[in-house]
$ cat target37.pdb   # PDB, C-alpha atoms
ATOM      1  CA  LEU A 162      -4.102 -26.711   5.546  1.00  0.00           C
ATOM      2  CA  THR A 163      -3.727 -29.100   2.634  1.00  0.00           C
ATOM      3  CA  ASN A 164      -5.994 -32.101   2.046  1.00  0.00           C
ATOM      4  CA  LEU A 165      -3.935 -34.878   0.433  1.00  0.00           C
ATOM      5  CA  GLN A 166      -5.176 -38.044  -1.254  1.00  0.00           C
ATOM      6  CA  GLY A 167      -3.693 -40.939  -3.123  1.00  0.00           C
ATOM      7  CA  ARG A 168      -2.752 -44.561  -2.897  1.00  0.00           C
ATOM      8  CA  SER A 169      -1.022 -45.805   0.212  1.00  0.00           C
ATOM      9  CA  ILE A 170       2.724 -45.345   0.030  1.00  0.00           C
ATOM     10  CA  GLY A 171       3.576 -48.785   1.428  1.00  0.00           C
ATOM     11  CA  LEU A 172       7.059 -47.849   2.535  1.00  0.00           C
ATOM     12  CA  GLU A 173       9.021 -48.670   5.675  1.00  0.00           C
ATOM     13  CA  LEU A 174      11.547 -46.058   6.731  1.00  0.00           C
ATOM     14  CA  PRO A 175      14.790 -47.649   7.991  1.00  0.00           C
ATOM     15  CA  GLY A 176      15.060 -47.485  11.780  1.00  0.00           C
ATOM     16  CA  TYR A 177      11.432 -46.437  12.275  1.00  0.00           C
ATOM     17  CA  GLY A 178       9.046 -49.190  13.312  1.00  0.00           C
ATOM     18  CA  VAL A 179       5.297 -48.629  13.050  1.00  0.00           C
ATOM     19  CA  ARG A 180       2.919 -50.914  14.908  1.00  0.00           C
ATOM     20  CA  PRO A 181      -0.428 -50.917  16.750  1.00  0.00           C
ATOM     21  CA  VAL A 182      -0.599 -48.946  19.998  1.00  0.00           C
ATOM     22  CA  ARG A 183      -1.058 -51.039  23.138  1.00  0.00           C
ATOM     23  CA  GLU A 184      -3.142 -49.761  26.045  1.00  0.00           C
ATOM     24  CA  ASN A 185      -0.111 -49.540  28.323  1.00  0.00           C
ATOM     25  CA  GLU A 186       1.461 -47.062  25.856  1.00  0.00           C
ATOM     26  CA  ILE A 187      -1.330 -44.478  26.067  1.00  0.00           C
ATOM     27  CA  GLY A 188       0.697 -42.458  28.602  1.00  0.00           C
ATOM     28  CA  ALA A 189       3.696 -42.168  26.258  1.00  0.00           C
ATOM     29  CA  CYS A 190       1.430 -41.116  23.385  1.00  0.00           C
ATOM     30  CA  ASN A 191      -0.382 -38.579  25.572  1.00  0.00           C
ATOM     31  CA  ALA A 192       2.957 -37.077  26.640  1.00  0.00           C
ATOM     32  CA  ILE A 193       3.884 -36.433  22.994  1.00  0.00           C
ATOM     33  CA  CYS A 194       0.489 -34.836  22.327  1.00  0.00           C
ATOM     34  CA  ARG A 195       0.762 -32.626  25.442  1.00  0.00           C
ATOM     35  CA  GLN A 196       4.262 -31.560  24.402  1.00  0.00           C
ATOM     36  CA  SER A 197       2.948 -30.522  20.976  1.00  0.00           C
ATOM     37  CA  HIS A 198      -0.546 -29.195  21.699  1.00  0.00           C
ATOM     38  CA  GLY A 199      -0.586 -28.504  25.433  1.00  0.00           C
ATOM     39  CA  TYR A 200      -3.266 -31.159  26.058  1.00  0.00           C
ATOM     40  CA  ASP A 201      -3.809 -34.820  25.268  1.00  0.00           C
ATOM     41  CA  ARG A 202      -6.498 -36.536  23.204  1.00  0.00           C
ATOM     42  CA  SER A 203      -6.679 -39.658  25.312  1.00  0.00           C
ATOM     43  CA  GLN A 204     -10.332 -40.465  24.600  1.00  0.00           C
ATOM     44  CA  GLU A 205      -9.801 -40.379  20.825  1.00  0.00           C
ATOM     45  CA  LEU A 206      -6.676 -42.509  21.210  1.00  0.00           C
ATOM     46  CA  GLU A 207      -8.483 -45.063  23.382  1.00  0.00           C
ATOM     47  CA  GLU A 208     -11.316 -45.271  20.826  1.00  0.00           C
ATOM     48  CA  ALA A 209      -8.786 -45.780  18.011  1.00  0.00           C
ATOM     49  CA  ILE A 210      -7.040 -48.552  19.969  1.00  0.00           C
ATOM     50  CA  ALA A 211     -10.413 -50.279  20.477  1.00  0.00           C
ATOM     51  CA  ALA A 212     -11.164 -49.875  16.742  1.00  0.00           C
ATOM     52  CA  GLY A 213      -7.733 -51.251  15.829  1.00  0.00           C
ATOM     53  CA  THR A 214      -6.622 -48.164  13.877  1.00  0.00           C
ATOM     54  CA  ALA A 215      -4.147 -46.532  16.316  1.00  0.00           C
ATOM     55  CA  ARG A 216      -0.474 -46.838  15.337  1.00  0.00           C
ATOM     56  CA  LEU A 217       2.720 -45.626  16.951  1.00  0.00           C
ATOM     57  CA  VAL A 218       6.193 -45.085  15.599  1.00  0.00           C
ATOM     58  CA  GLU A 219       9.356 -46.072  17.459  1.00  0.00           C
ATOM     59  CA  HIS A 220      12.971 -45.215  16.811  1.00  0.00           C
ATOM     60  CA  GLU A 221      15.777 -46.763  18.857  1.00  0.00           C
ATOM     61  CA  SER A 222      13.192 -48.277  21.269  1.00  0.00           C
ATOM     62  CA  ARG A 223      11.620 -44.864  21.933  1.00  0.00           C
ATOM     63  CA  VAL A 224       8.058 -43.841  21.062  1.00  0.00           C
ATOM     64  CA  LEU A 225       8.269 -40.759  18.802  1.00  0.00           C
ATOM     65  CA  GLY A 226       4.660 -40.382  17.716  1.00  0.00           C
ATOM     66  CA  TYR A 227       1.277 -41.912  17.064  1.00  0.00           C
ATOM     67  CA  ALA A 228      -1.768 -41.683  14.814  1.00  0.00           C
ATOM     68  CA  THR A 229      -5.370 -42.540  15.586  1.00  0.00           C
ATOM     69  CA  VAL A 230      -5.761 -43.094  11.839  1.00  0.00           C
ATOM     70  CA  ILE A 231      -4.191 -41.378   8.845  1.00  0.00           C
ATOM     71  CA  GLY A 232      -7.346 -39.795   7.516  1.00  0.00           C
ATOM     72  CA  PHE A 233      -9.647 -36.806   7.620  1.00  0.00           C
ATOM     73  CA  ARG A 234     -11.181 -37.744  10.980  1.00  0.00           C
ATOM     74  CA  GLY A 235      -7.978 -38.990  12.599  1.00  0.00           C
ATOM     75  CA  HIS A 236      -5.049 -37.095  14.033  1.00  0.00           C
ATOM     76  CA  ALA A 237      -1.344 -37.749  14.360  1.00  0.00           C
ATOM     77  CA  VAL A 238       1.438 -36.152  16.349  1.00  0.00           C
ATOM     78  CA  ALA A 239       5.185 -36.814  16.341  1.00  0.00           C
ATOM     79  CA  GLU A 240       8.409 -35.344  17.624  1.00  0.00           C
ATOM     80  CA  THR A 241      10.009 -35.256  14.162  1.00  0.00           C
ATOM     81  CA  ASN A 242       9.011 -35.111  10.513  1.00  0.00           C
ATOM     82  CA  GLN A 243      10.812 -38.418   9.963  1.00  0.00           C
ATOM     83  CA  ALA A 244       8.549 -40.101  12.529  1.00  0.00           C
ATOM     84  CA  LEU A 245       5.450 -38.574  10.932  1.00  0.00           C
ATOM     85  CA  LYS A 246       6.651 -39.715   7.500  1.00  0.00           C
ATOM     86  CA  ALA A 247       6.953 -43.259   8.882  1.00  0.00           C
ATOM     87  CA  LEU A 248       3.339 -43.162  10.120  1.00  0.00           C
ATOM     88  CA  ILE A 249       2.056 -41.857   6.769  1.00  0.00           C
ATOM     89  CA  ALA A 250       4.187 -44.282   4.751  1.00  0.00           C
ATOM     90  CA  ALA A 251       3.003 -47.288   6.780  1.00  0.00           C
ATOM     91  CA  ALA A 252      -0.715 -46.491   6.479  1.00  0.00           C
ATOM     92  CA  GLY A 253      -2.564 -49.171   4.554  1.00  0.00           C
ATOM     93  CA  GLU A 254      -4.966 -46.518   3.298  1.00  0.00           C
ATOM     94  CA  PHE A 255      -5.874 -42.905   3.868  1.00  0.00           C
ATOM     95  CA  ALA A 256      -9.293 -43.052   5.493  1.00  0.00           C
ATOM     96  CA  GLY A 257     -12.170 -41.029   4.121  1.00  0.00           C
ATOM     97  CA  THR A 258     -11.214 -38.165   1.872  1.00  0.00           C
ATOM     98  CA  GLY A 259      -7.487 -38.363   2.583  1.00  0.00           C
ATOM     99  CA  PHE A 260      -5.667 -36.567   5.364  1.00  0.00           C
ATOM    100  CA  ILE A 261      -4.958 -32.990   6.394  1.00  0.00           C
ATOM    101  CA  LEU A 262      -1.426 -31.600   6.575  1.00  0.00           C
ATOM    102  CA  PRO A 263      -0.476 -28.109   7.768  1.00  0.00           C
ATOM    103  CA  SER A 264       0.793 -26.413   4.586  1.00  0.00           C
ATOM    104  CA  ARG A 265       3.513 -24.595   6.536  1.00  0.00           C
ATOM    105  CA  ASN A 266       5.283 -27.939   7.038  1.00  0.00           C
ATOM    106  CA  SER A 267       6.853 -27.636   3.591  1.00  0.00           C
ATOM    107  CA  GLU A 268       9.337 -30.476   4.155  1.00  0.00           C
ATOM    108  CA  LEU A 269       6.552 -32.963   4.832  1.00  0.00           C
ATOM    109  CA  LEU A 270       4.304 -31.554   2.094  1.00  0.00           C
ATOM    110  CA  HIS A 271       7.055 -31.887  -0.530  1.00  0.00           C
ATOM    111  CA  TRP A 272       7.818 -35.422   0.661  1.00  0.00           C
ATOM    112  CA  CYS A 273       4.137 -36.418   0.333  1.00  0.00           C
ATOM    113  CA  LEU A 274       3.993 -34.976  -3.187  1.00  0.00           C
ATOM    114  CA  SER A 275       7.205 -36.814  -4.117  1.00  0.00           C
ATOM    115  CA  LYS A 276       5.510 -40.065  -3.031  1.00  0.00           C
ATOM    116  CA  GLY A 277       2.639 -39.552  -5.476  1.00  0.00           C
ATOM    117  CA  LEU A 278       0.046 -37.988  -3.197  1.00  0.00           C
ATOM    118  CA  ARG A 279      -1.939 -35.118  -4.646  1.00  0.00           C
ATOM    119  CA  ILE A 280      -3.477 -31.952  -3.276  1.00  0.00           C
ATOM    120  CA  VAL A 281      -7.250 -32.031  -3.608  1.00  0.00           C
ATOM    121  CA  GLN A 282      -8.258 -29.124  -1.402  1.00  0.00           C
ATOM    122  CA  GLN A 283      -6.754 -26.140   0.397  1.00  0.00           C
ATOM    123  CA  MET A 284      -8.408 -25.334   3.712  1.00  0.00           C
ATOM    124  CA  THR A 285      -8.216 -22.769   6.504  1.00  0.00           C
ATOM    125  CA  TYR A 286      -7.450 -23.768  10.077  1.00  0.00           C
ATOM    126  CA  MET A 287     -10.100 -22.392  12.414  1.00  0.00           C
ATOM    127  CA  SER A 288     -10.302 -22.503  16.184  1.00  0.00           C
ATOM    128  CA  LEU A 289     -12.823 -21.438  18.794  1.00  0.00           C
ATOM    129  CA  GLY A 290     -11.461 -19.743  21.896  1.00  0.00           C
ATOM    130  CA  MET A 291      -7.827 -19.387  22.806  1.00  0.00           C
ATOM    131  CA  TYR A 292      -5.441 -20.822  20.225  1.00  0.00           C
ATOM    132  CA  ARG A 293      -2.018 -22.223  21.058  1.00  0.00           C
ATOM    133  CA  GLU A 294       0.366 -22.774  18.163  1.00  0.00           C
ATOM    134  CA  PRO A 295       1.320 -26.480  18.202  1.00  0.00           C
ATOM    135  CA  LYS A 296       4.976 -27.417  18.554  1.00  0.00           C
ATOM    136  CA  GLY A 297       6.409 -30.334  16.662  1.00  0.00           C
ATOM    137  CA  CYS A 298       4.912 -32.231  13.770  1.00  0.00           C
ATOM    138  CA  PHE A 299       1.253 -33.090  13.506  1.00  0.00           C
ATOM    139  CA  LEU A 300      -1.699 -33.923  11.290  1.00  0.00           C
ATOM    140  CA  PRO A 301      -4.886 -32.272  12.550  1.00  0.00           C
ATOM    141  CA  SER A 302      -8.287 -33.875  12.286  1.00  0.00           C
ATOM    142  CA  ILE A 303     -11.475 -32.318  11.041  1.00  0.00           C
ATOM    143  CA  LEU A 304     -12.921 -33.057  14.513  1.00  0.00           C
ATOM    144  CA  ALA A 305     -10.547 -30.991  16.644  1.00  0.00           C
TER     145      ALA A 305
END

$ encode --input "target37.pdb" --output "structure tokens"
Amino acid sequence: LTNLQGRSIGLELPGYGVRPVRENEIGACNAICRQSHGYDRSQELEEAIAAGTARLVEHESRVLGYATVIGFRGHAVAETNQALKALIAAAGEFAGTGFILPSRNSELLHWCLSKGLRIVQQMTYMSLGMYREPKGCFLPSILA
């Protein structure tokens, strides 16, 4: 895992709209998380909606991903790297000590570096119990 920090990118990717998640969209967000991880993180998403930090990304009127917050204690999941880039680029700030990106996603890592973000820490992904390799694009949180 790579911990990235820097100033917000402040970029809008053409065709990818990022906006706050509404409560009636929790099901669509949970479906993307289940597709990637095999489970949803509904409680964290609901808490982020209540806190006003949850964002989703749409492309051609279809929800492609969401983030509870782009930061160390938040998580994000998307169907494509382009959708995850849109979430990162639209973040007003990177909460806490930046955000965590799986280093094996070299396309996204190189894109982040090209946008001026910097690597501040390399980390190891650890899991208790059975581990299922996530599918798709994601940013893990320090919490789970």

$ closest_residue --input "target37.pdb" --among "A:Tyr177, A:Trp272, A:Phe233, A:Phe260" --to "Leu217 (chain A)" --atoms "all atoms listed in the file"
A:Tyr177

$ resolve_selection --input "target37.pdb" --expression "the PyMOL selection byres ((chain A and resi 192-203) around 9)" --output "list of chain:residue names"
A:Ile187, A:Gly188, A:Ala189, A:Cys190, A:Asn191, A:Gln204, A:Glu205, A:Leu206, A:Glu207, A:Glu208, A:Val224, A:Leu225, A:Gly226, A:Tyr227, A:Ala237, A:Val238, A:Ala239, A:Glu240, A:Arg293, A:Glu294, A:Pro295, A:Lys296, A:Gly297, A:Cys298, A:Phe299

$ axis_aligned_box --input "target37.pdb" --around "region 164-183 of chain A" --padding-each-side "3 Å" --output "lines of an AutoDock Vina configuration file"
center_x = 4.5
center_y = -41.6
center_z = 10.0
size_x = 27.1
size_y = 24.9
size_z = 32.3

$ closest_residue --input "target37.pdb" --among "A:Gly290, A:Pro181, A:Gly176, A:Gly232" --to "Ile249 (chain A)" --atoms "only C-alpha atoms"
A:Gly232

$ resolve_selection --input "target37.pdb" --expression "the PyMOL selection byres ((chain A and resi 253) around 8)" --output "PyMOL selection string"
chain A and resi 169-171+251-252+254-255

$ closest_residue --input "target37.pdb" --among "A:Leu162, A:Val218, A:Ala256, A:Leu262" --to "Gly178 (chain A)" --atoms "all atoms listed in the file"
A:Val218

$ atom_distance --input "target37.pdb" --atom1 "CA of Lys246 (chain A)" --atom2 "CA of Ser222 (chain A)"
17.5 Å

$ atom_distance --input "target37.pdb" --atom1 "CA of Thr258 (chain A)" --atom2 "CA of His220 (chain A)"
29.3 Å

$ resolve_selection --input "target37.pdb" --expression "the PyMOL selection byres ((chain A and resi 210) around 8)" --output "VMD selection string"
chain A and resid 181 to 184 206 to 209 211 to 215 229

$ residues_around --input "target37.pdb" --residues "Asn164 (chain A)" --least-positions-apart "5" --cutoff "6 Å" --atoms "all atoms listed in the file" --output "PDB file with C-alpha atoms, in the frame of the given file"
ATOM      1  CA  PHE A 260      -5.667 -36.567   5.364  1.00  0.00           C
ATOM      2  CA  ILE A 261      -4.958 -32.990   6.394  1.00  0.00           C
ATOM      3  CA  ILE A 280      -3.477 -31.952  -3.276  1.00  0.00           C
ATOM      4  CA  VAL A 281      -7.250 -32.031  -3.608  1.00  0.00           C
ATOM      5  CA  GLN A 282      -8.258 -29.124  -1.402  1.00  0.00           C
TER       6      GLN A 282
END

$ decode --input "target37.pdb" --residues "region 169-231 of chain A" --atoms "C-alpha atoms" --output "PDB file, in the first residue's frame"
ATOM      1  CA  SER A 169      -6.215  18.720  -3.667  1.00  0.00           C
ATOM      2  CA  ILE A 170      -6.115  18.218  -7.411  1.00  0.00           C
ATOM      3  CA  GLY A 171      -9.227  20.295  -8.133  1.00  0.00           C
ATOM      4  CA  LEU A 172      -9.922  18.710 -11.485  1.00  0.00           C
ATOM      5  CA  GLU A 173     -13.148  17.582 -13.129  1.00  0.00           C
ATOM      6  CA  LEU A 174     -12.809  14.676 -15.528  1.00  0.00           C
ATOM      7  CA  PRO A 175     -14.991  15.139 -18.637  1.00  0.00           C
ATOM      8  CA  GLY A 176     -18.085  12.932 -18.529  1.00  0.00           C
ATOM      9  CA  TYR A 177     -17.631  11.993 -14.866  1.00  0.00           C
ATOM     10  CA  GLY A 178     -19.805  13.875 -12.399  1.00  0.00           C
ATOM     11  CA  VAL A 179     -18.977  13.761  -8.693  1.00  0.00           C
ATOM     12  CA  ARG A 180     -21.580  14.804  -6.151  1.00  0.00           C
ATOM     13  CA  PRO A 181     -22.847  13.999  -2.637  1.00  0.00           C
ATOM     14  CA  VAL A 182     -24.468  10.596  -2.138  1.00  0.00           C
ATOM     15  CA  ARG A 183     -28.192  10.673  -1.378  1.00  0.00           C
ATOM     16  CA  GLU A 184     -29.751   8.144   0.989  1.00  0.00           C
ATOM     17  CA  ASN A 185     -31.776   6.550  -1.800  1.00  0.00           C
ATOM     18  CA  GLU A 186     -28.494   5.721  -3.600  1.00  0.00           C
ATOM     19  CA  ILE A 187     -27.035   3.601  -0.791  1.00  0.00           C
ATOM     20  CA  GLY A 188     -28.212   0.417  -2.549  1.00  0.00           C
ATOM     21  CA  ALA A 189     -26.341   1.273  -5.765  1.00  0.00           C
ATOM     22  CA  CYS A 190     -23.187   2.079  -3.791  1.00  0.00           C
ATOM     23  CA  ASN A 191     -23.481  -1.129  -1.761  1.00  0.00           C
ATOM     24  CA  ALA A 192     -23.823  -3.159  -4.972  1.00  0.00           C
ATOM     25  CA  ILE A 193     -20.505  -1.774  -6.253  1.00  0.00           C
ATOM     26  CA  CYS A 194     -18.803  -2.556  -2.935  1.00  0.00           C
ATOM     27  CA  ARG A 195     -20.218  -6.114  -2.889  1.00  0.00           C
ATOM     28  CA  GLN A 196     -19.053  -6.643  -6.471  1.00  0.00           C
ATOM     29  CA  SER A 197     -15.523  -5.580  -5.499  1.00  0.00           C
ATOM     30  CA  HIS A 198     -15.118  -6.885  -1.946  1.00  0.00           C
ATOM     31  CA  GLY A 199     -17.853  -9.486  -1.533  1.00  0.00           C
ATOM     32  CA  TYR A 200     -19.606  -7.447   1.185  1.00  0.00           C
ATOM     33  CA  ASP A 201     -20.899  -3.919   1.633  1.00  0.00           C
ATOM     34  CA  ARG A 202     -19.896  -1.206   4.098  1.00  0.00           C
ATOM     35  CA  SER A 203     -23.342   0.277   4.475  1.00  0.00           C
ATOM     36  CA  GLN A 204     -22.893   1.549   8.036  1.00  0.00           C
ATOM     37  CA  GLU A 205     -19.739   3.493   7.133  1.00  0.00           C
ATOM     38  CA  LEU A 206     -21.475   4.892   4.054  1.00  0.00           C
ATOM     39  CA  GLU A 207     -24.534   5.957   6.058  1.00  0.00           C
ATOM     40  CA  GLU A 208     -22.285   7.680   8.623  1.00  0.00           C
ATOM     41  CA  ALA A 209     -20.420   9.489   5.824  1.00  0.00           C
ATOM     42  CA  ILE A 210     -23.707  10.651   4.270  1.00  0.00           C
ATOM     43  CA  ALA A 211     -24.799  12.015   7.670  1.00  0.00           C
ATOM     44  CA  ALA A 212     -21.403  13.746   8.049  1.00  0.00           C
ATOM     45  CA  GLY A 213     -21.669  15.198   4.538  1.00  0.00           C
ATOM     46  CA  THR A 214     -18.447  13.606   3.251  1.00  0.00           C
ATOM     47  CA  ALA A 215     -19.792  10.773   1.037  1.00  0.00           C
ATOM     48  CA  ARG A 216     -19.439  11.350  -2.716  1.00  0.00           C
ATOM     49  CA  LEU A 217     -20.384   9.276  -5.730  1.00  0.00           C
ATOM     50  CA  VAL A 218     -19.242   9.356  -9.318  1.00  0.00           C
ATOM     51  CA  GLU A 219     -21.589   8.994 -12.285  1.00  0.00           C
ATOM     52  CA  HIS A 220     -20.874   8.420 -15.943  1.00  0.00           C
ATOM     53  CA  GLU A 221     -23.652   8.447 -18.537  1.00  0.00           C
ATOM     54  CA  SER A 222     -26.281   8.555 -15.732  1.00  0.00           C
ATOM     55  CA  ARG A 223     -24.846   5.425 -14.088  1.00  0.00           C
ATOM     56  CA  VAL A 224     -23.272   5.244 -10.627  1.00  0.00           C
ATOM     57  CA  LEU A 225     -19.724   3.875 -11.050  1.00  0.00           C
ATOM     58  CA  GLY A 226     -18.319   4.354  -7.564  1.00  0.00           C
ATOM     59  CA  TYR A 227     -18.336   6.184  -4.268  1.00  0.00           C
ATOM     60  CA  ALA A 228     -16.087   7.387  -1.461  1.00  0.00           C
ATOM     61  CA  THR A 229     -16.906   7.893   2.197  1.00  0.00           C
ATOM     62  CA  VAL A 230     -14.051  10.412   2.212  1.00  0.00           C
ATOM     63  CA  ILE A 231     -10.746  10.508   0.359  1.00  0.00           C
TER      64      ILE A 231
END
